[in-house]
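Source file run.cif; content: mmCIF, N, CA and C atoms.
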data_query
loop_
_atom_site.label_atom_id
_atom_site.label_comp_id
_atom_site.auth_asym_id
_atom_site.auth_seq_id
_atom_site.Cartn_x
_atom_site.Cartn_y
_atom_site.Cartn_z
N MET S 30 179.29 131.81 56.02
CA MET S 30 179.99 130.84 56.83
C MET S 30 178.97 130.12 57.73
N THR S 31 179.11 128.81 57.84
CA THR S 31 178.19 128.03 58.65
C THR S 31 178.53 128.15 60.14
N PRO S 32 177.57 127.84 61.01
CA PRO S 32 177.86 127.91 62.45
C PRO S 32 179.04 127.02 62.87
N ILE S 33 179.15 125.82 62.30
CA ILE S 33 180.26 124.95 62.71
C ILE S 33 181.60 125.54 62.25
N GLU S 34 181.61 126.22 61.10
CA GLU S 34 182.85 126.88 60.66
C GLU S 34 183.23 128.02 61.61
N ILE S 35 182.23 128.76 62.07
CA ILE S 35 182.49 129.84 63.03
C ILE S 35 182.99 129.24 64.34
N ALA S 36 182.37 128.16 64.78
CA ALA S 36 182.81 127.50 66.02
C ALA S 36 184.25 126.99 65.87
N LEU S 37 184.59 126.46 64.71
CA LEU S 37 185.97 126.02 64.47
C LEU S 37 186.95 127.19 64.51
N GLN S 38 186.55 128.34 63.98
CA GLN S 38 187.39 129.54 64.08
C GLN S 38 187.65 129.89 65.54
N GLU S 39 186.60 129.85 66.33
CA GLU S 39 186.73 130.15 67.75
C GLU S 39 187.62 129.13 68.46
N ALA S 40 187.51 127.87 68.07
CA ALA S 40 188.34 126.82 68.67
C ALA S 40 189.81 127.04 68.32
N ARG S 41 190.09 127.40 67.08
CA ARG S 41 191.48 127.68 66.68
C ARG S 41 192.03 128.88 67.45
N ALA S 42 191.21 129.90 67.62
CA ALA S 42 191.64 131.08 68.38
C ALA S 42 191.91 130.70 69.85
N ALA S 43 191.09 129.83 70.40
CA ALA S 43 191.30 129.36 71.77
C ALA S 43 192.65 128.64 71.87
N ALA S 44 192.93 127.77 70.92
CA ALA S 44 194.20 127.04 70.92
C ALA S 44 195.37 128.01 70.86
N ALA S 45 195.25 129.04 70.05
CA ALA S 45 196.31 130.05 69.92
C ALA S 45 196.55 130.78 71.24
N ARG S 46 195.52 130.85 72.09
CA ARG S 46 195.65 131.48 73.42
C ARG S 46 196.13 130.48 74.47
N GLY S 47 196.34 129.21 74.06
CA GLY S 47 196.76 128.19 75.02
C GLY S 47 195.60 127.51 75.72
N GLU S 48 194.40 127.74 75.24
CA GLU S 48 193.20 127.12 75.81
C GLU S 48 192.89 125.83 75.06
N VAL S 49 192.18 124.92 75.70
CA VAL S 49 191.69 123.74 75.00
C VAL S 49 190.83 124.23 73.84
N PRO S 50 191.10 123.75 72.63
CA PRO S 50 190.43 124.31 71.45
C PRO S 50 188.98 123.85 71.27
N VAL S 51 188.12 124.54 71.96
CA VAL S 51 186.68 124.33 71.81
C VAL S 51 186.06 125.68 71.49
N GLY S 52 185.20 125.69 70.49
CA GLY S 52 184.50 126.91 70.10
C GLY S 52 183.01 126.66 70.04
N ALA S 53 182.24 127.72 70.26
CA ALA S 53 180.78 127.62 70.26
C ALA S 53 180.17 128.85 69.63
N VAL S 54 178.99 128.67 69.08
CA VAL S 54 178.24 129.78 68.48
C VAL S 54 176.76 129.55 68.77
N VAL S 55 176.05 130.63 69.02
CA VAL S 55 174.60 130.57 69.21
C VAL S 55 173.97 131.33 68.06
N THR S 56 173.03 130.66 67.39
CA THR S 56 172.31 131.27 66.28
C THR S 56 170.81 131.25 66.58
N ASP S 57 170.10 132.22 66.00
CA ASP S 57 168.64 132.25 66.19
C ASP S 57 167.97 131.43 65.09
N ALA S 58 166.66 131.44 65.06
CA ALA S 58 165.89 130.63 64.11
C ALA S 58 166.19 130.99 62.66
N ALA S 59 166.58 132.23 62.41
CA ALA S 59 166.90 132.66 61.05
C ALA S 59 168.35 132.36 60.67
N GLY S 60 169.11 131.83 61.63
CA GLY S 60 170.52 131.53 61.37
C GLY S 60 171.45 132.68 61.65
N THR S 61 170.93 133.75 62.23
CA THR S 61 171.75 134.91 62.58
C THR S 61 172.61 134.57 63.81
N VAL S 62 173.88 134.89 63.74
CA VAL S 62 174.77 134.65 64.86
C VAL S 62 174.49 135.67 65.95
N LEU S 63 174.13 135.18 67.13
CA LEU S 63 173.91 136.04 68.29
C LEU S 63 175.18 136.19 69.12
N SER S 64 175.97 135.12 69.18
CA SER S 64 177.20 135.15 69.95
C SER S 64 178.12 134.04 69.51
N ARG S 65 179.38 134.22 69.83
CA ARG S 65 180.39 133.22 69.54
C ARG S 65 181.46 133.32 70.60
N ALA S 66 182.09 132.18 70.91
CA ALA S 66 183.10 132.19 71.97
C ALA S 66 183.98 130.96 71.85
N GLY S 67 185.17 131.09 72.42
CA GLY S 67 186.07 129.96 72.59
C GLY S 67 186.37 129.82 74.07
N ASN S 68 186.92 128.68 74.44
CA ASN S 68 187.27 128.47 75.84
C ASN S 68 188.16 129.60 76.35
N ARG S 69 187.92 130.01 77.61
CA ARG S 69 188.75 131.03 78.27
C ARG S 69 189.00 130.66 79.73
N VAL S 70 189.05 129.37 79.99
CA VAL S 70 189.25 128.86 81.35
C VAL S 70 190.55 129.38 81.95
N GLU S 71 191.65 129.24 81.22
CA GLU S 71 192.96 129.67 81.74
C GLU S 71 193.04 131.19 81.84
N GLU S 72 192.62 131.86 80.81
CA GLU S 72 192.69 133.32 80.77
C GLU S 72 191.91 133.97 81.91
N LEU S 73 190.71 133.46 82.16
CA LEU S 73 189.84 134.05 83.18
C LEU S 73 190.00 133.40 84.56
N HIS S 74 190.83 132.35 84.63
CA HIS S 74 191.02 131.61 85.88
C HIS S 74 189.66 131.13 86.40
N ASP S 75 188.87 130.60 85.47
CA ASP S 75 187.48 130.24 85.77
C ASP S 75 187.16 128.90 85.11
N PRO S 76 187.01 127.83 85.89
CA PRO S 76 186.73 126.52 85.31
C PRO S 76 185.37 126.43 84.62
N THR S 77 184.52 127.43 84.80
CA THR S 77 183.22 127.43 84.11
C THR S 77 183.27 128.21 82.80
N ALA S 78 184.41 128.77 82.43
CA ALA S 78 184.51 129.61 81.25
C ALA S 78 184.67 128.76 79.98
N HIS S 79 183.81 127.77 79.85
CA HIS S 79 183.77 126.95 78.64
C HIS S 79 183.12 127.76 77.52
N ALA S 80 183.47 127.43 76.30
CA ALA S 80 182.94 128.15 75.13
C ALA S 80 181.42 128.21 75.14
N GLU S 81 180.78 127.09 75.47
CA GLU S 81 179.32 127.04 75.45
C GLU S 81 178.71 128.00 76.46
N ILE S 82 179.25 128.00 77.67
CA ILE S 82 178.72 128.87 78.73
C ILE S 82 178.87 130.33 78.32
N LEU S 83 180.05 130.68 77.82
CA LEU S 83 180.30 132.07 77.41
C LEU S 83 179.38 132.49 76.28
N ALA S 84 179.19 131.62 75.29
CA ALA S 84 178.32 131.95 74.15
C ALA S 84 176.86 132.04 74.58
N LEU S 85 176.42 131.13 75.43
CA LEU S 85 175.02 131.17 75.89
C LEU S 85 174.76 132.43 76.72
N ARG S 86 175.68 132.77 77.61
CA ARG S 86 175.52 133.98 78.43
C ARG S 86 175.45 135.23 77.56
N ALA S 87 176.33 135.30 76.56
CA ALA S 87 176.36 136.48 75.69
C ALA S 87 175.07 136.60 74.89
N ALA S 88 174.56 135.48 74.38
CA ALA S 88 173.31 135.51 73.61
C ALA S 88 172.13 135.92 74.50
N ALA S 89 172.09 135.38 75.71
CA ALA S 89 171.01 135.73 76.64
C ALA S 89 171.09 137.21 77.02
N SER S 90 172.30 137.70 77.22
CA SER S 90 172.47 139.12 77.54
C SER S 90 172.01 140.00 76.38
N LEU S 91 172.38 139.62 75.16
CA LEU S 91 171.97 140.36 73.97
C LEU S 91 170.45 140.43 73.88
N ARG S 92 169.81 139.34 74.22
CA ARG S 92 168.35 139.27 74.15
C ARG S 92 167.67 139.77 75.42
N ALA S 93 168.42 140.03 76.45
CA ALA S 93 167.86 140.41 77.75
C ALA S 93 166.84 139.39 78.22
N SER S 94 167.21 138.12 78.09
CA SER S 94 166.32 137.03 78.48
C SER S 94 167.15 135.82 78.92
N PRO S 95 166.70 135.13 79.97
CA PRO S 95 167.42 133.93 80.39
C PRO S 95 167.07 132.69 79.55
N ARG S 96 166.22 132.84 78.58
CA ARG S 96 165.78 131.72 77.75
C ARG S 96 166.10 132.01 76.28
N LEU S 97 166.48 130.95 75.57
CA LEU S 97 166.82 131.05 74.15
C LEU S 97 166.07 129.95 73.38
N PRO S 98 164.75 129.94 73.44
CA PRO S 98 163.97 128.80 72.93
C PRO S 98 163.97 128.59 71.42
N ASP S 99 164.38 129.58 70.66
CA ASP S 99 164.43 129.41 69.20
C ASP S 99 165.87 129.27 68.70
N CYS S 100 166.80 129.08 69.62
CA CYS S 100 168.22 129.12 69.26
C CYS S 100 168.86 127.75 69.17
N THR S 101 169.95 127.74 68.41
CA THR S 101 170.80 126.55 68.29
C THR S 101 172.17 126.87 68.85
N LEU S 102 172.66 125.99 69.68
CA LEU S 102 174.02 126.06 70.19
C LEU S 102 174.85 125.08 69.37
N THR S 103 175.85 125.60 68.66
CA THR S 103 176.74 124.75 67.87
C THR S 103 178.11 124.81 68.52
N VAL S 104 178.70 123.64 68.76
CA VAL S 104 179.98 123.57 69.47
C VAL S 104 180.85 122.49 68.83
N THR S 105 182.16 122.68 68.91
CA THR S 105 183.07 121.75 68.25
C THR S 105 183.26 120.43 68.98
N LEU S 106 182.91 120.37 70.23
CA LEU S 106 183.07 119.16 71.04
C LEU S 106 181.77 118.88 71.80
N GLU S 107 181.43 117.62 71.93
CA GLU S 107 180.25 117.24 72.72
C GLU S 107 180.29 117.96 74.06
N PRO S 108 179.24 118.67 74.42
CA PRO S 108 179.24 119.40 75.69
C PRO S 108 179.44 118.49 76.89
N CYS S 109 180.20 118.99 77.85
CA CYS S 109 180.38 118.29 79.12
C CYS S 109 179.05 118.36 79.89
N PRO S 110 178.94 117.64 81.00
CA PRO S 110 177.69 117.70 81.76
C PRO S 110 177.29 119.12 82.19
N MET S 111 178.26 119.94 82.59
CA MET S 111 177.95 121.32 83.00
C MET S 111 177.34 122.11 81.84
N CYS S 112 177.95 121.99 80.67
CA CYS S 112 177.48 122.75 79.52
C CYS S 112 176.17 122.20 78.97
N ALA S 113 176.00 120.89 79.05
CA ALA S 113 174.72 120.29 78.63
C ALA S 113 173.59 120.79 79.54
N GLN S 114 173.86 120.82 80.83
CA GLN S 114 172.84 121.32 81.76
C GLN S 114 172.55 122.79 81.50
N ALA S 115 173.57 123.57 81.20
CA ALA S 115 173.36 124.99 80.88
C ALA S 115 172.49 125.12 79.64
N ALA S 116 172.74 124.32 78.61
CA ALA S 116 171.91 124.36 77.40
C ALA S 116 170.46 124.06 77.75
N SER S 117 170.25 123.13 78.66
CA SER S 117 168.90 122.81 79.11
C SER S 117 168.28 123.99 79.85
N PHE S 118 169.03 124.59 80.76
CA PHE S 118 168.52 125.73 81.53
C PHE S 118 168.23 126.94 80.65
N PHE S 119 169.03 127.17 79.62
CA PHE S 119 168.79 128.26 78.67
C PHE S 119 167.65 127.91 77.71
N ARG S 120 167.20 126.68 77.75
CA ARG S 120 166.07 126.19 76.92
C ARG S 120 166.35 126.31 75.42
N VAL S 121 167.60 126.04 75.00
CA VAL S 121 167.88 126.10 73.58
C VAL S 121 167.08 125.04 72.83
N LYS S 122 166.77 125.34 71.62
CA LYS S 122 165.98 124.41 70.80
C LYS S 122 166.83 123.21 70.36
N ARG S 123 168.09 123.49 70.02
CA ARG S 123 168.92 122.44 69.44
C ARG S 123 170.38 122.61 69.87
N VAL S 124 171.05 121.47 70.04
CA VAL S 124 172.48 121.44 70.28
C VAL S 124 173.10 120.65 69.14
N VAL S 125 174.06 121.27 68.46
CA VAL S 125 174.80 120.62 67.38
C VAL S 125 176.26 120.59 67.81
N PHE S 126 176.88 119.42 67.72
CA PHE S 126 178.30 119.37 68.10
C PHE S 126 179.10 118.56 67.10
N GLY S 127 180.41 118.79 67.13
CA GLY S 127 181.33 118.14 66.21
C GLY S 127 181.84 116.82 66.74
N ALA S 128 182.95 116.85 67.46
CA ALA S 128 183.58 115.63 67.96
C ALA S 128 182.82 115.07 69.15
N TYR S 129 182.76 113.76 69.21
CA TYR S 129 182.20 113.09 70.38
C TYR S 129 183.26 113.05 71.47
N ASP S 130 182.82 113.03 72.73
CA ASP S 130 183.75 113.01 73.86
C ASP S 130 183.40 111.86 74.79
N PRO S 131 183.89 110.65 74.49
CA PRO S 131 183.56 109.49 75.32
C PRO S 131 184.01 109.63 76.77
N LYS S 132 185.07 110.40 77.00
CA LYS S 132 185.61 110.55 78.35
C LYS S 132 184.88 111.61 79.17
N GLY S 133 184.58 112.77 78.56
CA GLY S 133 184.03 113.87 79.34
C GLY S 133 182.70 114.41 78.86
N GLY S 134 182.14 113.79 77.84
CA GLY S 134 180.87 114.29 77.30
C GLY S 134 179.71 114.09 78.25
N GLY S 135 178.70 114.92 78.08
CA GLY S 135 177.53 114.83 78.94
C GLY S 135 176.23 114.71 78.16
N VAL S 136 176.33 114.48 76.85
CA VAL S 136 175.14 114.39 76.00
C VAL S 136 174.95 112.95 75.54
N GLU S 137 175.90 112.45 74.76
CA GLU S 137 175.85 111.09 74.24
C GLU S 137 176.64 110.12 75.11
N HIS S 138 177.46 110.66 76.00
CA HIS S 138 178.31 109.86 76.88
C HIS S 138 178.13 110.32 78.32
N GLY S 139 178.74 109.59 79.23
CA GLY S 139 178.75 110.00 80.63
C GLY S 139 177.37 110.20 81.22
N ALA S 140 177.14 111.38 81.75
CA ALA S 140 175.90 111.68 82.47
C ALA S 140 174.64 111.68 81.60
N ARG S 141 174.80 111.87 80.30
CA ARG S 141 173.65 111.92 79.38
C ARG S 141 172.53 112.80 79.96
N ILE S 142 172.89 114.03 80.20
CA ILE S 142 172.04 115.00 80.89
C ILE S 142 170.63 115.07 80.32
N PHE S 143 170.49 115.07 79.01
CA PHE S 143 169.17 115.26 78.40
C PHE S 143 168.27 114.04 78.58
N ASN S 144 168.85 112.91 78.98
CA ASN S 144 168.06 111.69 79.22
C ASN S 144 167.71 111.52 80.70
N ALA S 145 168.24 112.37 81.55
CA ALA S 145 168.02 112.25 83.00
C ALA S 145 166.59 112.66 83.36
N ALA S 146 166.02 111.98 84.33
CA ALA S 146 164.67 112.30 84.80
C ALA S 146 164.59 113.73 85.33
N SER S 147 165.69 114.24 85.84
CA SER S 147 165.71 115.59 86.40
C SER S 147 165.83 116.69 85.34
N CYS S 148 166.01 116.31 84.08
CA CYS S 148 166.15 117.30 83.01
C CYS S 148 164.76 117.79 82.59
N HIS S 149 164.53 119.08 82.76
CA HIS S 149 163.22 119.67 82.45
C HIS S 149 163.08 120.10 81.00
N HIS S 150 164.20 120.22 80.29
CA HIS S 150 164.15 120.59 78.87
C HIS S 150 165.27 119.86 78.14
N ALA S 151 164.90 119.05 77.17
CA ALA S 151 165.88 118.33 76.36
C ALA S 151 165.82 118.86 74.93
N PRO S 152 166.87 119.54 74.50
CA PRO S 152 166.89 120.06 73.13
C PRO S 152 167.09 118.92 72.13
N ASP S 153 166.81 119.21 70.89
CA ASP S 153 167.18 118.29 69.82
C ASP S 153 168.70 118.26 69.77
N VAL S 154 169.26 117.11 69.42
CA VAL S 154 170.72 116.96 69.39
C VAL S 154 171.15 116.38 68.05
N ILE S 155 172.17 117.00 67.47
CA ILE S 155 172.81 116.49 66.27
C ILE S 155 174.30 116.42 66.57
N GLY S 156 174.85 115.22 66.59
CA GLY S 156 176.27 115.04 66.86
C GLY S 156 177.03 114.64 65.61
N GLY S 157 178.33 114.84 65.64
CA GLY S 157 179.20 114.42 64.56
C GLY S 157 179.33 115.39 63.41
N MET S 158 178.96 116.64 63.61
CA MET S 158 179.07 117.66 62.56
C MET S 158 180.56 117.99 62.35
N ARG S 159 181.08 117.66 61.17
CA ARG S 159 182.51 117.84 60.87
C ARG S 159 183.38 117.24 61.97
N GLU S 160 182.95 116.05 62.39
CA GLU S 160 183.57 115.35 63.52
C GLU S 160 185.08 115.20 63.36
N GLY S 161 185.53 114.76 62.20
CA GLY S 161 186.96 114.52 62.00
C GLY S 161 187.79 115.77 62.17
N GLU S 162 187.33 116.86 61.58
CA GLU S 162 188.06 118.13 61.68
C GLU S 162 188.11 118.63 63.12
N CYS S 163 186.99 118.51 63.81
CA CYS S 163 186.93 118.96 65.20
C CYS S 163 187.82 118.09 66.09
N ALA S 164 187.80 116.78 65.88
CA ALA S 164 188.62 115.85 66.67
C ALA S 164 190.10 116.07 66.37
N ASP S 165 190.45 116.29 65.11
CA ASP S 165 191.84 116.50 64.73
C ASP S 165 192.41 117.74 65.41
N LEU S 166 191.61 118.79 65.51
CA LEU S 166 192.06 120.02 66.16
C LEU S 166 192.40 119.75 67.63
N LEU S 167 191.55 119.02 68.31
CA LEU S 167 191.80 118.68 69.71
C LEU S 167 193.02 117.77 69.85
N ARG S 168 193.09 116.75 69.01
CA ARG S 168 194.19 115.80 69.06
C ARG S 168 195.53 116.53 68.86
N ALA S 169 195.61 117.39 67.85
CA ALA S 169 196.84 118.13 67.57
C ALA S 169 197.23 119.01 68.75
N PHE S 170 196.26 119.63 69.37
CA PHE S 170 196.54 120.50 70.53
C PHE S 170 197.18 119.70 71.65
N PHE S 171 196.61 118.53 71.97
CA PHE S 171 197.13 117.76 73.09
C PHE S 171 198.44 117.06 72.77
N VAL S 172 198.66 116.68 71.51
CA VAL S 172 199.96 116.11 71.12
C VAL S 172 201.04 117.16 71.30
N ALA S 173 200.76 118.38 70.92
CA ALA S 173 201.75 119.46 71.05
C ALA S 173 202.04 119.79 72.51
N ARG S 174 201.10 119.54 73.40
CA ARG S 174 201.27 119.85 74.83
C ARG S 174 202.09 118.80 75.57
N ARG S 175 202.17 117.61 74.98
CA ARG S 175 202.84 116.49 75.69
C ARG S 175 204.27 116.37 75.35
#

Target format structure tokens, applied to this file:
Amino acid sequence: MTPIEIALQEARAAAARGEVPVGAVVTDAAGTVLSRAGNRVEELHDPTAHAEILALRAAASLRASPRLPDCTLTVTLEPCPMCAQAASFFRVKRVVFGAYDPKGGGVEHGARIFNAASCHHAPDVIGGMREGECADLLRAFFVARR
């Protein structure tokens, strides 16, 4: 199973819990999954409990290191500014995401964290991975909520 497929699984599980359906996975240079997570903002009563933050923390804990320089963060939605900054602080090698987020994104939209002069580490970025499927999952979730 590819990292984006694992992230989609996590996003679907998040939706089933009533969370915004975003999933993330951290893999090492060999493609081994170090961690995976879905949003848990509502469950944990924590606005920072985004899938990316949870997956990055778990991978760093597994490695007993605050840096993940050979790792890829794969996520179903363009990371928000908080999560983009976290990816920079964790020093991930690459960020891969599915759906673009013109309203709340922090990579290709909005704050464009990796382009900011204050950004000390800018990972490689690949956007639009299975974009339609990732966007459809989010769209369906919000249609059902309204």

I want to know what sits within 8 Å of Gln114 (chain S), based on all atoms listed in the file, with residues of the same chain fewer than 2 positions away left out; could you give that as a tab-separated table (two decimals) with N, CA and C atoms, in the frame of the given file?
chain	number	residue	atom	x	y	z
S	108	PRO	N	179.24	118.67	74.42
S	108	PRO	CA	179.24	119.40	75.69
S	108	PRO	C	179.44	118.49	76.89
S	109	CYS	N	180.20	118.99	77.85
S	109	CYS	CA	180.38	118.29	79.12
S	109	CYS	C	179.05	118.36	79.89
S	110	PRO	N	178.94	117.64	81.00
S	110	PRO	CA	177.69	117.70	81.76
S	110	PRO	C	177.29	119.12	82.19
S	111	MET	N	178.26	119.94	82.59
S	111	MET	CA	177.95	121.32	83.00
S	111	MET	C	177.34	122.11	81.84
S	112	CYS	N	177.95	121.99	80.67
S	112	CYS	CA	177.48	122.75	79.52
S	112	CYS	C	176.17	122.20	78.97
S	116	ALA	N	172.74	124.32	78.61
S	116	ALA	CA	171.91	124.36	77.40
S	116	ALA	C	170.46	124.06	77.75
S	117	SER	N	170.25	123.13	78.66
S	117	SER	CA	168.90	122.81	79.11
S	117	SER	C	168.28	123.99	79.85
S	118	PHE	N	169.03	124.59	80.76
S	118	PHE	CA	168.52	125.73	81.53
S	118	PHE	C	168.23	126.94	80.65
S	119	PHE	N	169.03	127.17	79.62
S	119	PHE	CA	168.79	128.26	78.67
S	119	PHE	C	167.65	127.91	77.71
S	120	ARG	N	167.20	126.68	77.75
S	120	ARG	CA	166.07	126.19	76.92
S	120	ARG	C	166.35	126.31	75.42
S	135	GLY	N	178.70	114.92	78.08
S	135	GLY	CA	177.53	114.83	78.94
S	135	GLY	C	176.23	114.71	78.16
S	136	VAL	N	176.33	114.48	76.85
S	136	VAL	CA	175.14	114.39	76.00
S	136	VAL	C	174.95	112.95	75.54
S	142	ILE	N	172.89	114.03	80.20
S	142	ILE	CA	172.04	115.00	80.89
S	142	ILE	C	170.63	115.07	80.32
S	143	PHE	N	170.49	115.07	79.01
S	143	PHE	CA	169.17	115.26	78.40
S	143	PHE	C	168.27	114.04	78.58
S	148	CYS	N	166.01	116.31	84.08
S	148	CYS	CA	166.15	117.30	83.01
S	148	CYS	C	164.76	117.79	82.59

Would you translate the PyMOL selection byres ((chain S and resi 149-152) around 6) into the concrete set of residues it matches in this file, as an mmCIF file with N, CA and C atoms, in the coordinates of the input?
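Written output follows (result-v5.cif):
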data_model
loop_
_atom_site.group_PDB
_atom_site.id
_atom_site.type_symbol
_atom_site.label_atom_id
_atom_site.label_comp_id
_atom_site.auth_asym_id
_atom_site.auth_seq_id
_atom_site.Cartn_x
_atom_site.Cartn_y
_atom_site.Cartn_z
ATOM 1 N N SER S 117 170.250 123.130 78.660
ATOM 2 C CA SER S 117 168.900 122.810 79.110
ATOM 3 C C SER S 117 168.280 123.990 79.850
ATOM 4 N N VAL S 121 167.600 126.040 75.000
ATOM 5 C CA VAL S 121 167.880 126.100 73.580
ATOM 6 C C VAL S 121 167.080 125.040 72.830
ATOM 7 N N LYS S 122 166.770 125.340 71.620
ATOM 8 C CA LYS S 122 165.980 124.410 70.800
ATOM 9 C C LYS S 122 166.830 123.210 70.360
ATOM 10 N N ARG S 123 168.090 123.490 70.020
ATOM 11 C CA ARG S 123 168.920 122.440 69.440
ATOM 12 C C ARG S 123 170.380 122.610 69.870
ATOM 13 N N VAL S 124 171.050 121.470 70.040
ATOM 14 C CA VAL S 124 172.480 121.440 70.280
ATOM 15 C C VAL S 124 173.100 120.650 69.140
ATOM 16 N N PHE S 143 170.490 115.070 79.010
ATOM 17 C CA PHE S 143 169.170 115.260 78.400
ATOM 18 C C PHE S 143 168.270 114.040 78.580
ATOM 19 N N ALA S 146 166.020 111.980 84.330
ATOM 20 C CA ALA S 146 164.670 112.300 84.800
ATOM 21 C C ALA S 146 164.590 113.730 85.330
ATOM 22 N N SER S 147 165.690 114.240 85.840
ATOM 23 C CA SER S 147 165.710 115.590 86.400
ATOM 24 C C SER S 147 165.830 116.690 85.340
ATOM 25 N N CYS S 148 166.010 116.310 84.080
ATOM 26 C CA CYS S 148 166.150 117.300 83.010
ATOM 27 C C CYS S 148 164.760 117.790 82.590
ATOM 28 N N ASP S 153 166.810 119.210 70.890
ATOM 29 C CA ASP S 153 167.180 118.290 69.820
ATOM 30 C C ASP S 153 168.700 118.260 69.770
ATOM 31 N N VAL S 154 169.260 117.110 69.420
ATOM 32 C CA VAL S 154 170.720 116.960 69.390
ATOM 33 C C VAL S 154 171.150 116.380 68.050
#

Can you pull out every residue from region 44-154 of chain S that DSSP, working from the backbone, puts in strand (DSSP E), and format the result as a JSON list (two decimals) with N, CA and C atoms, in the frame of the given file?
[["chain", "number", "residue", "atom", "x", "y", "z"],
["S", 52, "GLY", "N", 185.20, 125.69, 70.49],
["S", 52, "GLY", "CA", 184.50, 126.91, 70.10],
["S", 52, "GLY", "C", 183.01, 126.66, 70.04],
["S", 53, "ALA", "N", 182.24, 127.72, 70.26],
["S", 53, "ALA", "CA", 180.78, 127.62, 70.26],
["S", 53, "ALA", "C", 180.17, 128.85, 69.63],
["S", 54, "VAL", "N", 178.99, 128.67, 69.08],
["S", 54, "VAL", "CA", 178.24, 129.78, 68.48],
["S", 54, "VAL", "C", 176.76, 129.55, 68.77],
["S", 55, "VAL", "N", 176.05, 130.63, 69.02],
["S", 55, "VAL", "CA", 174.60, 130.57, 69.21],
["S", 55, "VAL", "C", 173.97, 131.33, 68.06],
["S", 56, "THR", "N", 173.03, 130.66, 67.39],
["S", 56, "THR", "CA", 172.31, 131.27, 66.28],
["S", 56, "THR", "C", 170.81, 131.25, 66.58],
["S", 62, "VAL", "N", 173.88, 134.89, 63.74],
["S", 62, "VAL", "CA", 174.77, 134.65, 64.86],
["S", 62, "VAL", "C", 174.49, 135.67, 65.95],
["S", 63, "LEU", "N", 174.13, 135.18, 67.13],
["S", 63, "LEU", "CA", 173.91, 136.04, 68.29],
["S", 63, "LEU", "C", 175.18, 136.19, 69.12],
["S", 64, "SER", "N", 175.97, 135.12, 69.18],
["S", 64, "SER", "CA", 177.20, 135.15, 69.95],
["S", 64, "SER", "C", 178.12, 134.04, 69.51],
["S", 65, "ARG", "N", 179.38, 134.22, 69.83],
["S", 65, "ARG", "CA", 180.39, 133.22, 69.54],
["S", 65, "ARG", "C", 181.46, 133.32, 70.60],
["S", 66, "ALA", "N", 182.09, 132.18, 70.91],
["S", 66, "ALA", "CA", 183.10, 132.19, 71.97],
["S", 66, "ALA", "C", 183.98, 130.96, 71.85],
["S", 67, "GLY", "N", 185.17, 131.09, 72.42],
["S", 67, "GLY", "CA", 186.07, 129.96, 72.59],
["S", 67, "GLY", "C", 186.37, 129.82, 74.07],
["S", 101, "THR", "N", 169.95, 127.74, 68.41],
["S", 101, "THR", "CA", 170.80, 126.55, 68.29],
["S", 101, "THR", "C", 172.17, 126.87, 68.85],
["S", 102, "LEU", "N", 172.66, 125.99, 69.68],
["S", 102, "LEU", "CA", 174.02, 126.06, 70.19],
["S", 102, "LEU", "C", 174.85, 125.08, 69.37],
["S", 103, "THR", "N", 175.85, 125.60, 68.66],
["S", 103, "THR", "CA", 176.74, 124.75, 67.87],
["S", 103, "THR", "C", 178.11, 124.81, 68.52],
["S", 104, "VAL", "N", 178.70, 123.64, 68.76],
["S", 104, "VAL", "CA", 179.98, 123.57, 69.47],
["S", 104, "VAL", "C", 180.85, 122.49, 68.83],
["S", 105, "THR", "N", 182.16, 122.68, 68.91],
["S", 105, "THR", "CA", 183.07, 121.75, 68.25],
["S", 105, "THR", "C", 183.26, 120.43, 68.98],
["S", 106, "LEU", "N", 182.91, 120.37, 70.23],
["S", 106, "LEU", "CA", 183.07, 119.16, 71.04],
["S", 106, "LEU", "C", 181.77, 118.88, 71.80],
["S", 123, "ARG", "N", 168.09, 123.49, 70.02],
["S", 123, "ARG", "CA", 168.92, 122.44, 69.44],
["S", 123, "ARG", "C", 170.38, 122.61, 69.87],
["S", 124, "VAL", "N", 171.05, 121.47, 70.04],
["S", 124, "VAL", "CA", 172.48, 121.44, 70.28],
["S", 124, "VAL", "C", 173.10, 120.65, 69.14],
["S", 125, "VAL", "N", 174.06, 121.27, 68.46],
["S", 125, "VAL", "CA", 174.80, 120.62, 67.38],
["S", 125, "VAL", "C", 176.26, 120.59, 67.81],
["S", 126, "PHE", "N", 176.88, 119.42, 67.72],
["S", 126, "PHE", "CA", 178.30, 119.37, 68.10],
["S", 126, "PHE", "C", 179.10, 118.56, 67.10],
["S", 127, "GLY", "N", 180.41, 118.79, 67.13],
["S", 127, "GLY", "CA", 181.33, 118.14, 66.21],
["S", 127, "GLY", "C", 181.84, 116.82, 66.74],
["S", 128, "ALA", "N", 182.95, 116.85, 67.46],
["S", 128, "ALA", "CA", 183.58, 115.63, 67.96],
["S", 128, "ALA", "C", 182.82, 115.07, 69.15],
["S", 153, "ASP", "N", 166.81, 119.21, 70.89],
["S", 153, "ASP", "CA", 167.18, 118.29, 69.82],
["S", 153, "ASP", "C", 168.70, 118.26, 69.77],
["S", 154, "VAL", "N", 169.26, 117.11, 69.42],
["S", 154, "VAL", "CA", 170.72, 116.96, 69.39],
["S", 154, "VAL", "C", 171.15, 116.38, 68.05]]

| task | Pull out every residue that the PyMOL selection byres ((chain S and resi 47-61) around 7) matches in the shown coordinates and put them as number ranges by chain. | result | S: 32, 35-46, 62-72, 80-81, 84-85, 88, 99-106, 166-167, 170

| Distance of atom N of Ser94 (chain S) from atom C of Phe126 (chain S), expressed in Å to one decimal place | 25.4 Å

| said: Report, in Å with one decimal, the straight-line distance from atom C of Gly127 (chain S) to CA of Glu162 (chain S). | reply: 8.1 Å

| request: Check the DSSP output for the backbone and give back, as JSON, numbers by chain, the residues of chain S in helix (DSSP H, G or I). | output: {"S": [32, 33, 34, 35, 36, 37, 38, 39, 40, 41, 42, 43, 44, 45, 70, 71, 72, 73, 80, 81, 82, 83, 84, 85, 86, 87, 88, 89, 90, 91, 92, 110, 111, 112, 113, 114, 115, 116, 117, 118, 142, 143, 144, 160, 161, 162, 163, 164, 165, 166, 167, 168, 169, 170, 171, 172, 173, 174]}
